[in-house]
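Novice: This is final.cif, which holds mmCIF, C-alpha atoms:
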data_target
#
loop_
_atom_site.label_atom_id
_atom_site.label_comp_id
_atom_site.auth_asym_id
_atom_site.auth_seq_id
_atom_site.Cartn_x
_atom_site.Cartn_y
_atom_site.Cartn_z
CA MET P 151 1.61 49.96 -114.06
CA THR P 152 -1.10 48.29 -116.12
CA LEU P 153 -2.47 51.74 -116.96
CA PHE P 154 1.00 52.81 -118.14
CA TRP P 155 1.31 49.93 -120.59
CA LEU P 156 -2.22 50.49 -121.89
CA ALA P 157 -1.43 54.16 -122.48
CA ALA P 158 1.87 53.29 -124.17
CA ALA P 159 0.15 50.81 -126.45
CA ALA P 160 -2.51 53.38 -127.39
CA ILE P 161 0.11 56.03 -128.19
CA THR P 162 2.08 53.53 -130.28
CA LEU P 163 -1.01 52.59 -132.28
CA ILE P 164 -1.80 56.26 -132.90
CA GLY P 165 1.78 56.89 -134.02
CA LEU P 166 1.64 53.92 -136.36
CA GLY P 167 -1.56 55.32 -137.84
CA PHE P 168 0.11 58.64 -138.65
CA ILE P 169 3.00 56.86 -140.38
CA ILE P 170 1.25 53.95 -142.08
CA LEU P 171 -1.83 55.70 -143.51
CA PRO P 172 0.27 58.13 -145.63
CA LEU P 173 2.28 55.16 -146.91
CA ILE P 174 -0.90 53.42 -148.00
CA ARG P 175 -2.23 56.55 -149.68
CA GLN P 176 1.08 57.42 -151.26
CA THR P 177 0.99 54.61 -153.83
CA ALA P 178 -2.17 55.89 -155.51
CA SER P 179 -0.68 59.29 -156.31
CA ALA P 180 3.01 58.47 -156.72
CA GLN P 181 2.91 57.58 -160.42
CA VAL P 182 0.74 60.59 -161.37
CA SER P 183 3.00 62.97 -159.46
CA ARG P 184 6.08 61.48 -161.10
CA MET P 185 4.62 61.91 -164.58
CA GLN P 186 3.53 65.49 -163.83
CA VAL P 187 7.00 66.42 -162.64
CA ASN P 188 8.62 64.77 -165.68
CA LYS P 189 6.27 66.65 -168.01
CA ALA P 190 6.93 69.99 -166.30
CA LEU P 191 10.70 69.48 -166.46
CA TYR P 192 10.45 68.46 -170.12
CA GLU P 193 8.42 71.54 -171.04
CA SER P 194 10.76 73.85 -169.09
CA LYS P 195 13.87 72.41 -170.75
CA LEU P 196 12.21 72.58 -174.17
CA GLU P 197 11.45 76.27 -173.64
CA GLU P 198 15.12 76.86 -172.79
CA LEU P 199 16.21 75.09 -175.98
CA GLN P 200 13.73 77.12 -178.06
CA ALA P 201 15.04 80.34 -176.49
CA ASP P 202 18.61 79.33 -177.25
CA LEU P 203 17.62 78.54 -180.84
CA GLU P 204 15.98 81.92 -181.25
CA GLN P 205 19.03 83.67 -179.81
CA GLY P 206 21.36 81.76 -182.09
CA LEU P 207 23.08 79.76 -179.35
CA LEU P 208 22.02 76.57 -181.13
CA ASP P 209 21.72 75.90 -184.82
CA PRO P 210 18.66 73.94 -186.06
CA SER P 211 20.46 70.60 -186.19
CA GLU P 212 21.75 70.98 -182.62
CA TYR P 213 18.28 72.02 -181.48
CA GLN P 214 16.69 68.99 -183.15
CA GLN P 215 19.22 66.62 -181.59
CA SER P 216 18.70 68.12 -178.12
CA GLU P 217 14.91 67.94 -178.50
CA GLN P 218 15.12 64.25 -179.46
CA GLU P 219 17.30 63.54 -176.42
CA LEU P 220 14.70 65.22 -174.20
CA GLN P 221 11.90 63.16 -175.76
CA ARG P 222 13.80 59.91 -175.24
CA SER P 223 14.48 60.91 -171.64
CA LEU P 224 10.78 61.64 -171.05
CA LEU P 225 9.71 58.29 -172.57
CA SER P 226 12.31 56.46 -170.48
CA ASP P 227 11.09 58.11 -167.27
CA VAL P 228 7.45 57.31 -168.07
CA THR P 229 8.37 53.64 -168.64
CA VAL P 230 10.37 53.49 -165.42
CA SER P 231 7.50 55.18 -163.57
CA GLN P 232 5.02 52.62 -164.85
CA ARG P 233 7.26 49.71 -163.96
CA SER P 234 8.00 51.11 -160.52
CA SER P 235 4.32 51.52 -159.65
CA VAL P 236 3.90 47.84 -158.77
CA THR P 237 7.28 47.81 -157.03
CA GLN P 238 6.27 50.88 -155.02
CA GLN P 239 3.05 49.21 -153.92
CA ARG P 240 4.99 46.16 -152.73
CA SER P 241 7.62 48.38 -151.11
CA ASN P 242 4.97 50.37 -149.23
CA LEU P 243 3.29 47.16 -148.05
CA SER P 244 6.66 45.88 -146.86
CA MET P 245 7.30 49.16 -145.08
CA VAL P 246 3.89 49.01 -143.35
CA ILE P 247 4.65 45.50 -142.07
CA LEU P 248 8.21 46.40 -141.09
CA LEU P 249 7.08 49.51 -139.21
CA THR P 250 4.38 47.52 -137.44
CA ILE P 251 7.15 45.31 -136.06
CA ALA P 252 10.02 47.79 -135.82
CA LEU P 253 8.32 50.71 -134.08
CA PRO P 254 7.01 48.77 -131.05
CA LEU P 255 10.34 46.92 -130.92
CA SER P 256 12.33 50.17 -131.01
CA ALA P 257 10.10 51.79 -128.39
CA ILE P 258 10.55 48.86 -126.05
CA LEU P 259 14.33 48.73 -126.53
CA LEU P 260 14.70 52.51 -126.06
CA TYR P 261 12.53 52.38 -122.96
CA GLN P 262 14.68 49.59 -121.60
CA GLN P 263 17.88 51.53 -122.38
CA PHE P 264 17.00 54.96 -121.01
CA THR P 265 14.19 54.59 -118.48
CA SER P 266 14.91 55.45 -114.87
CA TYR P 267 11.72 53.75 -113.70
CA VAL P 268 12.25 51.54 -110.72
CA ALA P 269 9.97 48.53 -110.72
CA ASN P 270 7.85 48.04 -107.66
CA ASP P 271 7.45 44.76 -105.86
CA GLU P 272 4.65 43.62 -108.16
CA TYR P 273 6.57 44.13 -111.43
CA ASN P 274 10.23 43.23 -111.13
CA GLU P 275 12.78 43.40 -113.91
CA GLN P 276 12.38 39.76 -114.97
CA GLN P 277 8.66 40.21 -115.52
CA LYS P 278 9.17 43.29 -117.70
CA LEU P 279 11.75 41.56 -119.85
CA ALA P 280 9.47 38.57 -120.24
CA GLN P 281 6.61 40.80 -121.35
CA GLN P 282 8.83 42.57 -123.87
CA ALA P 283 10.14 39.32 -125.31
CA GLN P 284 6.59 37.99 -125.52
CA THR P 285 5.42 41.09 -127.43
CA ILE P 286 8.29 40.90 -129.91
CA GLN P 287 7.93 37.18 -130.39
CA GLN P 288 4.19 37.51 -130.97
CA SER P 289 4.82 40.00 -133.79
CA ILE P 290 7.19 37.55 -135.44
CA VAL P 291 4.77 34.66 -134.91
CA ASP P 292 2.01 36.67 -136.60
CA LEU P 293 4.28 37.28 -139.58
CA GLU P 294 5.27 33.61 -139.70
CA GLN P 295 1.61 32.62 -139.70
CA ARG P 296 0.83 34.99 -142.52
CA LEU P 297 3.69 33.54 -144.57
CA GLN P 298 2.34 30.03 -144.02
CA ASP P 299 -0.88 31.20 -145.63
CA GLN P 300 0.96 33.20 -148.32
CA PRO P 301 4.26 31.37 -148.94
CA ASP P 302 4.86 33.26 -152.21
CA ASP P 303 5.10 36.63 -150.46
CA LEU P 304 8.66 37.63 -151.37
CA ASP P 305 8.65 40.88 -149.39
CA GLY P 306 7.21 39.09 -146.35
CA TRP P 307 10.13 36.66 -146.26
CA LYS P 308 12.57 39.58 -146.54
CA ILE P 309 10.94 41.34 -143.60
CA LEU P 310 10.95 38.15 -141.56
CA GLY P 311 14.66 37.77 -142.29
CA GLN P 312 15.29 41.34 -141.19
CA SER P 313 13.28 40.75 -138.00
CA TYR P 314 15.34 37.69 -137.14
CA VAL P 315 18.56 39.62 -137.74
CA VAL P 316 17.39 42.32 -135.31
CA MET P 317 16.74 39.59 -132.77
CA GLN P 318 20.16 38.06 -133.62
CA GLN P 319 18.49 34.77 -134.54
CA PHE P 320 20.77 34.34 -137.51
CA ASP P 321 19.98 30.70 -138.30
CA LYS P 322 16.29 31.54 -138.69
CA ALA P 323 17.21 34.68 -140.66
CA VAL P 324 19.17 32.50 -143.10
CA GLU P 325 16.11 30.29 -143.58
CA ALA P 326 13.86 33.28 -144.25
CA TYR P 327 16.30 34.91 -146.67
CA SER P 328 16.78 31.57 -148.42
CA GLN P 329 13.03 31.37 -149.04
CA ALA P 330 13.11 34.90 -150.47
CA ALA P 331 16.14 34.12 -152.66
CA ALA P 332 14.43 31.04 -154.06
CA LEU P 333 11.28 33.05 -154.84
CA SER P 334 13.41 35.58 -156.72
CA ASP P 335 15.11 32.76 -158.65
CA TYR P 336 18.45 33.88 -157.16
CA SER P 337 18.42 36.91 -159.47
CA ASP P 338 18.34 39.69 -156.86
CA PRO P 339 21.95 40.66 -156.03
CA ASP P 340 20.91 42.70 -152.98
CA LEU P 341 19.11 39.70 -151.52
CA LEU P 342 21.98 37.34 -152.35
CA VAL P 343 24.44 39.59 -150.52
CA LEU P 344 22.09 39.83 -147.52
CA LEU P 345 21.87 36.04 -147.43
CA ALA P 346 25.66 35.67 -147.64
CA GLU P 347 26.16 38.28 -144.93
CA THR P 348 23.60 36.70 -142.58
CA SER P 349 24.96 33.23 -143.23
CA SER P 350 28.41 34.45 -142.21
CA PHE P 351 26.94 35.89 -138.98
CA ALA P 352 25.51 32.47 -138.24
CA ASN P 353 28.94 31.00 -139.00
CA ASP P 354 30.92 33.18 -136.57
CA GLY P 355 31.78 35.72 -139.25
CA VAL P 356 33.35 33.18 -141.61
CA PHE P 357 32.73 33.36 -145.35
CA GLY P 358 32.84 29.74 -146.45
CA THR P 359 31.87 27.84 -149.58
CA ILE P 360 28.16 28.70 -149.42
CA GLU P 361 28.72 32.37 -148.69
CA ASN P 362 31.29 32.73 -151.47
CA ALA P 363 28.97 31.00 -153.94
CA LEU P 364 26.22 33.52 -153.08
CA LEU P 365 28.62 36.42 -153.59
CA GLU P 366 29.77 35.01 -156.93
CA GLN P 367 26.15 34.73 -158.05
CA ALA P 368 25.47 38.31 -156.97
CA LEU P 369 28.48 39.54 -158.98
CA ALA P 370 27.41 37.45 -161.96
CA VAL P 371 24.09 39.32 -161.93
CA ASN P 372 25.70 42.71 -161.23
CA PRO P 373 29.51 42.86 -161.54
CA ARG P 374 29.46 46.39 -160.08
CA HIS P 375 27.51 45.57 -156.92
CA GLU P 376 29.43 47.47 -154.24
CA ARG P 377 28.61 45.39 -151.15
CA ALA P 378 29.20 42.17 -153.06
CA LEU P 379 32.62 43.45 -154.16
CA TRP P 380 33.50 44.46 -150.61
CA TYR P 381 32.51 41.12 -149.09
CA ALA P 382 34.12 39.14 -151.91
CA GLY P 383 37.37 41.00 -151.29
CA TYR P 384 37.07 40.45 -147.54
CA ALA P 385 36.34 36.75 -148.02
CA ALA P 386 39.40 36.32 -150.24
CA TYR P 387 41.60 38.32 -147.85
CA SER P 388 40.49 36.21 -144.87
CA VAL P 389 41.87 33.05 -146.55
CA ASP P 390 45.10 34.76 -147.66
CA ASP P 391 44.01 35.02 -151.31
CA TYR P 392 45.34 38.56 -151.51
CA GLN P 393 45.44 38.83 -155.29
CA THR P 394 41.71 38.12 -155.56
CA ALA P 395 41.06 40.61 -152.77
CA VAL P 396 42.97 43.25 -154.73
CA VAL P 397 40.90 42.59 -157.85
CA HIS P 398 37.58 42.98 -156.04
CA TRP P 399 38.60 45.99 -153.96
CA GLN P 400 40.25 47.72 -156.91
CA THR P 401 37.00 47.35 -158.86
CA LEU P 402 35.08 48.72 -155.89
CA LEU P 403 37.48 51.66 -155.67
CA SER P 404 36.72 52.61 -159.28
CA LEU P 405 33.02 52.96 -158.35
CA VAL P 406 33.52 55.33 -155.42
CA PRO P 407 32.66 58.95 -156.39
CA ALA P 408 35.61 61.29 -156.71
CA ASP P 409 34.28 63.60 -153.99
CA ARG P 410 34.16 60.81 -151.36
CA ASN P 411 37.80 61.18 -150.39
CA ASP P 412 37.22 59.65 -146.95
CA VAL P 413 35.88 56.43 -148.46
CA ARG P 414 38.55 56.33 -151.15
CA ASP P 415 41.36 56.84 -148.61
CA SER P 416 40.08 54.03 -146.37
CA LEU P 417 39.63 51.64 -149.27
CA ASN P 418 43.04 52.50 -150.66
CA LYS P 419 44.58 51.37 -147.38
CA PHE P 420 42.95 47.95 -147.72
CA VAL P 421 44.06 47.70 -151.35
CA ASP P 422 47.65 48.69 -150.55
CA ASP P 423 47.80 46.19 -147.68
CA ALA P 424 46.49 43.38 -149.87
CA ARG P 425 48.87 44.28 -152.70
CA GLU P 426 51.83 44.29 -150.34
CA LYS P 427 50.90 40.89 -148.87
CA ALA P 428 50.39 39.51 -152.38
CA GLY P 429 53.91 40.63 -153.31
CA LEU P 430 52.55 43.19 -155.78
CA GLU P 431 53.87 46.68 -156.24
CA VAL P 432 51.77 49.19 -154.33
CA ALA P 433 49.90 51.31 -156.86
CA PRO P 434 50.75 55.02 -156.95
CA LYS P 435 48.19 57.23 -155.29
CA GLU P 436 45.60 58.28 -157.84
CA GLN P 437 44.76 61.90 -158.32
CA ALA P 438 41.24 62.94 -157.41
CA VAL P 439 39.10 64.16 -160.29
CA LEU P 440 38.72 67.85 -159.46
CA PRO P 441 35.94 70.05 -160.81
CA ARG P 442 36.90 72.50 -163.53
CA ILE P 443 36.26 76.10 -162.51
CA LEU P 444 36.97 79.42 -164.20
CA ASP P 445 36.83 82.54 -162.01
CA VAL P 446 36.42 85.32 -164.55
CA GLN P 447 36.72 89.05 -163.74
CA VAL P 448 34.91 90.99 -166.49
CA SER P 449 35.10 94.73 -167.14
CA VAL P 450 34.66 97.10 -170.06
CA ALA P 451 37.19 99.66 -171.30
CA GLN P 452 36.54 103.14 -169.96
CA GLY P 453 34.16 105.19 -172.11
CA LEU P 454 33.52 102.37 -174.56
CA ALA P 455 30.03 101.53 -173.29
CA LYS P 456 28.64 105.07 -173.02
CA ASN P 457 26.34 104.60 -176.03
CA TYR P 458 24.89 101.32 -174.73
CA GLN P 459 21.95 100.67 -172.42
CA ALA P 460 22.39 99.45 -168.85
CA SER P 461 19.99 96.59 -169.64
CA ASP P 462 21.99 95.32 -172.64
CA THR P 463 23.02 91.67 -172.29
CA VAL P 464 26.60 90.68 -171.52
CA PHE P 465 27.56 87.14 -172.52
CA ILE P 466 30.48 85.65 -170.59
CA TYR P 467 31.42 82.26 -171.99
CA ALA P 468 34.06 79.61 -172.55
CA ARG P 469 34.47 77.64 -175.77
CA ALA P 470 36.90 75.15 -177.25
CA LYS P 471 40.03 76.79 -178.59
CA ASN P 472 40.17 74.29 -181.44
CA GLY P 473 36.75 72.82 -181.95
CA PRO P 474 33.05 73.75 -182.14
CA LYS P 475 32.42 77.40 -181.32
CA MET P 476 29.28 76.76 -179.30
CA PRO P 477 29.69 77.79 -175.65
CA LEU P 478 30.81 75.09 -173.24
CA SER P 479 29.83 77.23 -170.26
CA LEU P 480 27.84 80.47 -170.32
CA VAL P 481 26.69 83.18 -167.92
CA ARG P 482 24.45 86.15 -168.83
CA VAL P 483 24.45 89.44 -166.87
CA PRO P 484 23.18 92.96 -167.66
CA LEU P 485 25.68 95.65 -168.64
CA SER P 486 24.85 97.51 -165.43
CA ALA P 487 26.46 94.64 -163.45
CA LEU P 488 29.95 95.33 -164.84
CA PRO P 489 32.57 95.10 -163.53
CA ILE P 490 31.72 91.66 -162.18
CA LYS P 491 33.35 88.39 -161.19
CA VAL P 492 31.54 85.25 -162.38
CA GLU P 493 32.23 81.53 -162.13
CA LEU P 494 32.10 79.32 -165.21
CA THR P 495 31.73 75.64 -164.33
CA GLU P 496 30.33 72.39 -165.69
CA ALA P 497 27.06 73.35 -163.98
CA THR P 498 26.66 76.38 -166.27
CA SER P 499 27.01 74.33 -169.44
CA MET P 500 24.22 74.37 -172.04
CA LEU P 501 24.30 70.65 -172.82
CA PRO P 502 25.36 67.81 -170.47
CA ASN P 503 27.71 66.24 -173.01
CA MET P 504 29.38 69.53 -174.01
CA ASN P 505 31.02 71.21 -171.04
CA LEU P 506 34.37 72.33 -169.65
CA ARG P 507 35.48 68.71 -169.33
CA SER P 508 35.03 68.11 -173.07
CA PHE P 509 38.27 69.92 -174.06
CA GLU P 510 41.62 70.68 -172.50
CA GLN P 511 42.34 73.90 -174.40
CA ILE P 512 39.70 76.56 -173.73
CA GLU P 513 39.29 80.24 -174.51
CA VAL P 514 37.15 82.70 -172.56
CA LEU P 515 35.42 85.78 -173.99
CA ALA P 516 32.87 88.40 -172.98
CA ARG P 517 30.57 90.34 -175.34
CA ILE P 518 27.97 93.07 -174.94
CA SER P 519 24.95 92.49 -177.19
CA PRO P 520 22.30 95.27 -177.51
CA SER P 521 20.08 92.83 -179.43
CA GLY P 522 20.45 90.05 -176.85
CA GLN P 523 21.48 87.62 -179.62
CA ALA P 524 24.11 85.05 -178.76
CA ILE P 525 25.61 85.18 -182.26
CA SER P 526 28.03 88.05 -182.65
CA GLN P 527 26.71 90.99 -184.71
CA ALA P 528 28.15 94.25 -185.98
CA GLY P 529 28.03 96.90 -183.28
CA ASP P 530 28.53 94.47 -180.40
CA LEU P 531 31.38 95.09 -177.97
CA ILE P 532 33.73 92.15 -177.45
CA SER P 533 36.88 91.17 -175.58
CA ALA P 534 39.99 89.43 -176.79
CA ALA P 535 40.00 85.64 -176.19
CA VAL P 536 41.90 84.57 -173.07
CA SER P 537 43.39 81.06 -173.34
CA VAL P 538 43.15 78.43 -170.57
CA ASP P 539 44.88 75.04 -170.35
CA PHE P 540 43.03 72.54 -168.15
CA SER P 541 45.74 69.91 -168.61
CA GLN P 542 47.84 71.83 -166.07
CA HIS P 543 45.28 72.97 -163.51
CA SER P 544 41.57 72.42 -162.90
CA GLN P 545 40.88 75.93 -161.62
CA HIS P 546 41.93 79.25 -163.15
CA GLU P 547 41.49 82.93 -162.35
CA LEU P 548 41.55 85.34 -165.28
CA GLU P 549 40.59 88.85 -166.31
CA VAL P 550 38.61 89.66 -169.46
CA LEU P 551 38.42 93.21 -170.79
CA ILE P 552 35.76 94.19 -173.33
CA GLN P 553 37.68 96.59 -175.51
CA ARG P 554 36.62 96.67 -179.17
CA VAL P 555 33.58 97.03 -181.43
CA VAL P 556 32.58 94.16 -183.68
CA GLU P 557 32.77 95.32 -187.32
#
Turn the structure described in the file into structure tokens.

Specialist:
Amino acid sequence: MTLFWLAAAAITLIGLGFIILPLIRQTASAQVSRMQVNKALYESKLEELQADLEQGLLDPSEYQQSEQELQRSLLSDVTVSQRSSVTQQRSNLSMVILLTIALPLSAILLYQQFTSYVANDEYNEQQKLAQQAQTIQQSIVDLEQRLQDQPDDLDGWKILGQSYVVMQQFDKAVEAYSQAAALSDYSDPDLLVLLAETSSFANDGVFGTIENALLEQALAVNPRHERALWYAGYAAYSVDDYQTAVVHWQTLLSLVPADRNDVRDSLNKFVDDAREKAGLEVAPKEQAVLPRILDVQVSVAQGLAKNYQASDTVFIYARAKNGPKMPLSLVRVPLSALPIKVELTEATSMLPNMNLRSFEQIEVLARISPSGQAISQAGDLISAAVSVDFSQHSQHELEVLIQRVVE
């Protein structure tokens, strides 16, 4: 049995080495890798803009504006990368410490849960449990000792709080989180919510004066903090303050992505229940924001393309019916691909702020360009414009026929 525990300890230490060493090494290269990726993305996007300028898809002023936006984005990412370097180092250190505690703890708990080993007379069940508790407690004691020597270690106090929560020692977890909150000058909303949550666990799940004050402080720092909004709504609901619960949960609902229908449906049930108990009219069910999609079948009139090359470019695009004539969504295919069915979406837009969601009234065209230029020229083949109204439906199927020569 002693040999088994020695082998298990050795395997655990080896496993920790494989996980922790990459974390330690990761910090040194993280910032450089981030900057290299940002630079590569910037250069790639700039080449696309230059190509669009040369092909006439953008005029010089639009090109200049897009280039400036890219430059600002690059500078912003570099600044964020530099600021996050120190944070990443602290985060990796915290992860190393957390893994050092969590992995042995998890291994012991899993072994306890699933093992079919039957203890012999020498090692009964009480002895094994005592050894496990001693191992876990020693890890926490080591961390406590380190924090006595380094009381300003914010991440250390967070990890100690997490460790106590795992052990369901909620009173001690509150003390640890309180130390961390004080070190952060009560300006970290995530930490404030953790402290409020843990304090409620220690208080039989009740959100009282202290817990509500922590949640209010978290929302003062970040009014859109999702967990703070949820708990604030729950706290108000639990004391029959249904109107306040509606306010918090309605705000939270506005932050849930449109494609998370499961979350939105569940939260709507809480909101409707609170509204009903508050004597308020239940809000009508909101419509999900659906993606805008155009399924376009493109073909060319028979015999019209006989004098054109199979490699000539076909532009299939949507633009505002009454507005700028630059494409809101664009797909290029060779003439040899016709007839073809393509999908125009917000993902095929040229600029993030100019897409199918920018206008309700849209028109769709297709044009064959021997020169490959996006601006229409004499000799090109073009279709009639097909109108689309997104105010009625978010998805449309339409047919576009290329049928005349541009004069």

Novice: Output the residue selection produced by the PyMOL selection byres ((chain P and resi 396) around 10) on the file above, formatted as a PyMOL selection string.

Specialist: chain P and resi 383-384+386-387+391-395+397-402+420-426+428+430

Novice: Can I get the selection written as an mmCIF file, in the frame of the given file, with C-alpha atoms?

Specialist:
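As a result, again-v6.cif now contains:
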data_model
loop_
_atom_site.group_PDB
_atom_site.id
_atom_site.type_symbol
_atom_site.label_atom_id
_atom_site.label_comp_id
_atom_site.auth_asym_id
_atom_site.auth_seq_id
_atom_site.Cartn_x
_atom_site.Cartn_y
_atom_site.Cartn_z
ATOM 1 C CA GLY P 383 37.370 41.000 -151.290
ATOM 2 C CA TYR P 384 37.070 40.450 -147.540
ATOM 3 C CA ALA P 386 39.400 36.320 -150.240
ATOM 4 C CA TYR P 387 41.600 38.320 -147.850
ATOM 5 C CA ASP P 391 44.010 35.020 -151.310
ATOM 6 C CA TYR P 392 45.340 38.560 -151.510
ATOM 7 C CA GLN P 393 45.440 38.830 -155.290
ATOM 8 C CA THR P 394 41.710 38.120 -155.560
ATOM 9 C CA ALA P 395 41.060 40.610 -152.770
ATOM 10 C CA VAL P 397 40.900 42.590 -157.850
ATOM 11 C CA HIS P 398 37.580 42.980 -156.040
ATOM 12 C CA TRP P 399 38.600 45.990 -153.960
ATOM 13 C CA GLN P 400 40.250 47.720 -156.910
ATOM 14 C CA THR P 401 37.000 47.350 -158.860
ATOM 15 C CA LEU P 402 35.080 48.720 -155.890
ATOM 16 C CA PHE P 420 42.950 47.950 -147.720
ATOM 17 C CA VAL P 421 44.060 47.700 -151.350
ATOM 18 C CA ASP P 422 47.650 48.690 -150.550
ATOM 19 C CA ASP P 423 47.800 46.190 -147.680
ATOM 20 C CA ALA P 424 46.490 43.380 -149.870
ATOM 21 C CA ARG P 425 48.870 44.280 -152.700
ATOM 22 C CA GLU P 426 51.830 44.290 -150.340
ATOM 23 C CA ALA P 428 50.390 39.510 -152.380
ATOM 24 C CA LEU P 430 52.550 43.190 -155.780
#

Novice: Using only C-alpha atoms, which protein or nucleic acid residues come within 12 Å of Ala460 (chain P)? Drop anything in the same chain fewer than 5 positions from it, and give the result as a list in words.

Specialist: Ala455, Val483, Pro484, Leu485, Ser486, Ala487, Leu488, Ile518, Ser519 and Pro520 of chain P

Novice: At a cut-off of 12 Å around the point (28.7, 74.9, -172.2) (file coordinates), what residues fall inside when counting all atoms listed in the file? I'd like the answer as a PyMOL selection string.

Specialist: chain P and resi 207-208+466-470+474-481+494-509+512+514

Novice: Would you save the residues of that selection, restricted to C-alpha atoms, as a PDB file, keeping the file's coordinate frame?

Specialist:
ATOM      1  CA  LEU P 207      23.080  79.760-179.350  1.00  0.00           C
ATOM      2  CA  LEU P 208      22.020  76.570-181.130  1.00  0.00           C
ATOM      3  CA  ILE P 466      30.480  85.650-170.590  1.00  0.00           C
ATOM      4  CA  TYR P 467      31.420  82.260-171.990  1.00  0.00           C
ATOM      5  CA  ALA P 468      34.060  79.610-172.550  1.00  0.00           C
ATOM      6  CA  ARG P 469      34.470  77.640-175.770  1.00  0.00           C
ATOM      7  CA  ALA P 470      36.900  75.150-177.250  1.00  0.00           C
ATOM      8  CA  PRO P 474      33.050  73.750-182.140  1.00  0.00           C
ATOM      9  CA  LYS P 475      32.420  77.400-181.320  1.00  0.00           C
ATOM     10  CA  MET P 476      29.280  76.760-179.300  1.00  0.00           C
ATOM     11  CA  PRO P 477      29.690  77.790-175.650  1.00  0.00           C
ATOM     12  CA  LEU P 478      30.810  75.090-173.240  1.00  0.00           C
ATOM     13  CA  SER P 479      29.830  77.230-170.260  1.00  0.00           C
ATOM     14  CA  LEU P 480      27.840  80.470-170.320  1.00  0.00           C
ATOM     15  CA  VAL P 481      26.690  83.180-167.920  1.00  0.00           C
ATOM     16  CA  LEU P 494      32.100  79.320-165.210  1.00  0.00           C
ATOM     17  CA  THR P 495      31.730  75.640-164.330  1.00  0.00           C
ATOM     18  CA  GLU P 496      30.330  72.390-165.690  1.00  0.00           C
ATOM     19  CA  ALA P 497      27.060  73.350-163.980  1.00  0.00           C
ATOM     20  CA  THR P 498      26.660  76.380-166.270  1.00  0.00           C
ATOM     21  CA  SER P 499      27.010  74.330-169.440  1.00  0.00           C
ATOM     22  CA  MET P 500      24.220  74.370-172.040  1.00  0.00           C
ATOM     23  CA  LEU P 501      24.300  70.650-172.820  1.00  0.00           C
ATOM     24  CA  PRO P 502      25.360  67.810-170.470  1.00  0.00           C
ATOM     25  CA  ASN P 503      27.710  66.240-173.010  1.00  0.00           C
ATOM     26  CA  MET P 504      29.380  69.530-174.010  1.00  0.00           C
ATOM     27  CA  ASN P 505      31.020  71.210-171.040  1.00  0.00           C
ATOM     28  CA  LEU P 506      34.370  72.330-169.650  1.00  0.00           C
ATOM     29  CA  ARG P 507      35.480  68.710-169.330  1.00  0.00           C
ATOM     30  CA  SER P 508      35.030  68.110-173.070  1.00  0.00           C
ATOM     31  CA  PHE P 509      38.270  69.920-174.060  1.00  0.00           C
ATOM     32  CA  ILE P 512      39.700  76.560-173.730  1.00  0.00           C
ATOM     33  CA  VAL P 514      37.150  82.700-172.560  1.00  0.00           C
TER      34      VAL P 514
END

Novice: Rank nothing, just name the residue among P:Ile490, P:His543, P:Gln298, P:Val446 nearest to Leu515 (chain P), using all atoms listed in the file.

Specialist: P:Val446

Novice: I'd like the interatomic distance between CA of Val448 (chain P) and CA of Arg517 (chain P), to a tenth of an Å.

Specialist: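 These atoms are spaced 9.9 Å apart.
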
Novice: So the first atom is CA of Leu417 (chain P) and the second is CA of Leu379 (chain P); what is the distance between them in Å, to one decimal place?

Specialist: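 Spanning CA of Leu417 (chain P) to CA of Leu379 (chain P) is a straight-line distance of 11.8 Å.
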
Novice: Starting from the PyMOL selection byres ((chain P and resi 327) around 6), expand the selection into actual residues of this file and give them as a list in words.

Specialist: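 Applying the expression gives Lys308, Gly311, Val324, Glu325, Ala326, Ser328, Gln329, Ala330 and Leu345 of chain P.
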
Novice: Grab the CA of Ala528 (chain P) to CA of Glu493 (chain P) distance for me, in Å with one decimal place.

Specialist: 27.3 Å

Novice: For region 355-369 of chain P, find every residue with an atom within 9 Å (counting only C-alpha atoms), except residues of its own chain fewer than 6 positions away, and show them as number ranges by chain.

Specialist: P: 336-343, 345-349, 375, 378-379, 381-382, 384-386, 388

Novice: Write out, as a short mmCIF file (atom, residue, chain, number, x, y, z; two decimals), in the coordinates of the input, the residues just selected, with C-alpha atoms.

Specialist:
data_model
loop_
_atom_site.label_atom_id
_atom_site.label_comp_id
_atom_site.auth_asym_id
_atom_site.auth_seq_id
_atom_site.Cartn_x
_atom_site.Cartn_y
_atom_site.Cartn_z
CA TYR P 336 18.45 33.88 -157.16
CA SER P 337 18.42 36.91 -159.47
CA ASP P 338 18.34 39.69 -156.86
CA PRO P 339 21.95 40.66 -156.03
CA ASP P 340 20.91 42.70 -152.98
CA LEU P 341 19.11 39.70 -151.52
CA LEU P 342 21.98 37.34 -152.35
CA VAL P 343 24.44 39.59 -150.52
CA LEU P 345 21.87 36.04 -147.43
CA ALA P 346 25.66 35.67 -147.64
CA GLU P 347 26.16 38.28 -144.93
CA THR P 348 23.60 36.70 -142.58
CA SER P 349 24.96 33.23 -143.23
CA HIS P 375 27.51 45.57 -156.92
CA ALA P 378 29.20 42.17 -153.06
CA LEU P 379 32.62 43.45 -154.16
CA TYR P 381 32.51 41.12 -149.09
CA ALA P 382 34.12 39.14 -151.91
CA TYR P 384 37.07 40.45 -147.54
CA ALA P 385 36.34 36.75 -148.02
CA ALA P 386 39.40 36.32 -150.24
CA SER P 388 40.49 36.21 -144.87
#

Novice: Pick from P:Ala451, P:Leu444, P:Val536, P:Leu310: nearest to Arg554 (chain P), with all atoms listed in the file counted?

Specialist: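 The closest residue to Arg554 (chain P) is P:Ala451.
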
Novice: Rank nothing, just name the residue among P:Leu551, P:Ala535, P:Val464, P:Ala331 nearest to Gly522 (chain P), using all atoms listed in the file.

Specialist: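 Ranking P:Leu551, P:Ala535, P:Val464, P:Ala331 by distance to Gly522 (chain P), first place goes to P:Val464.
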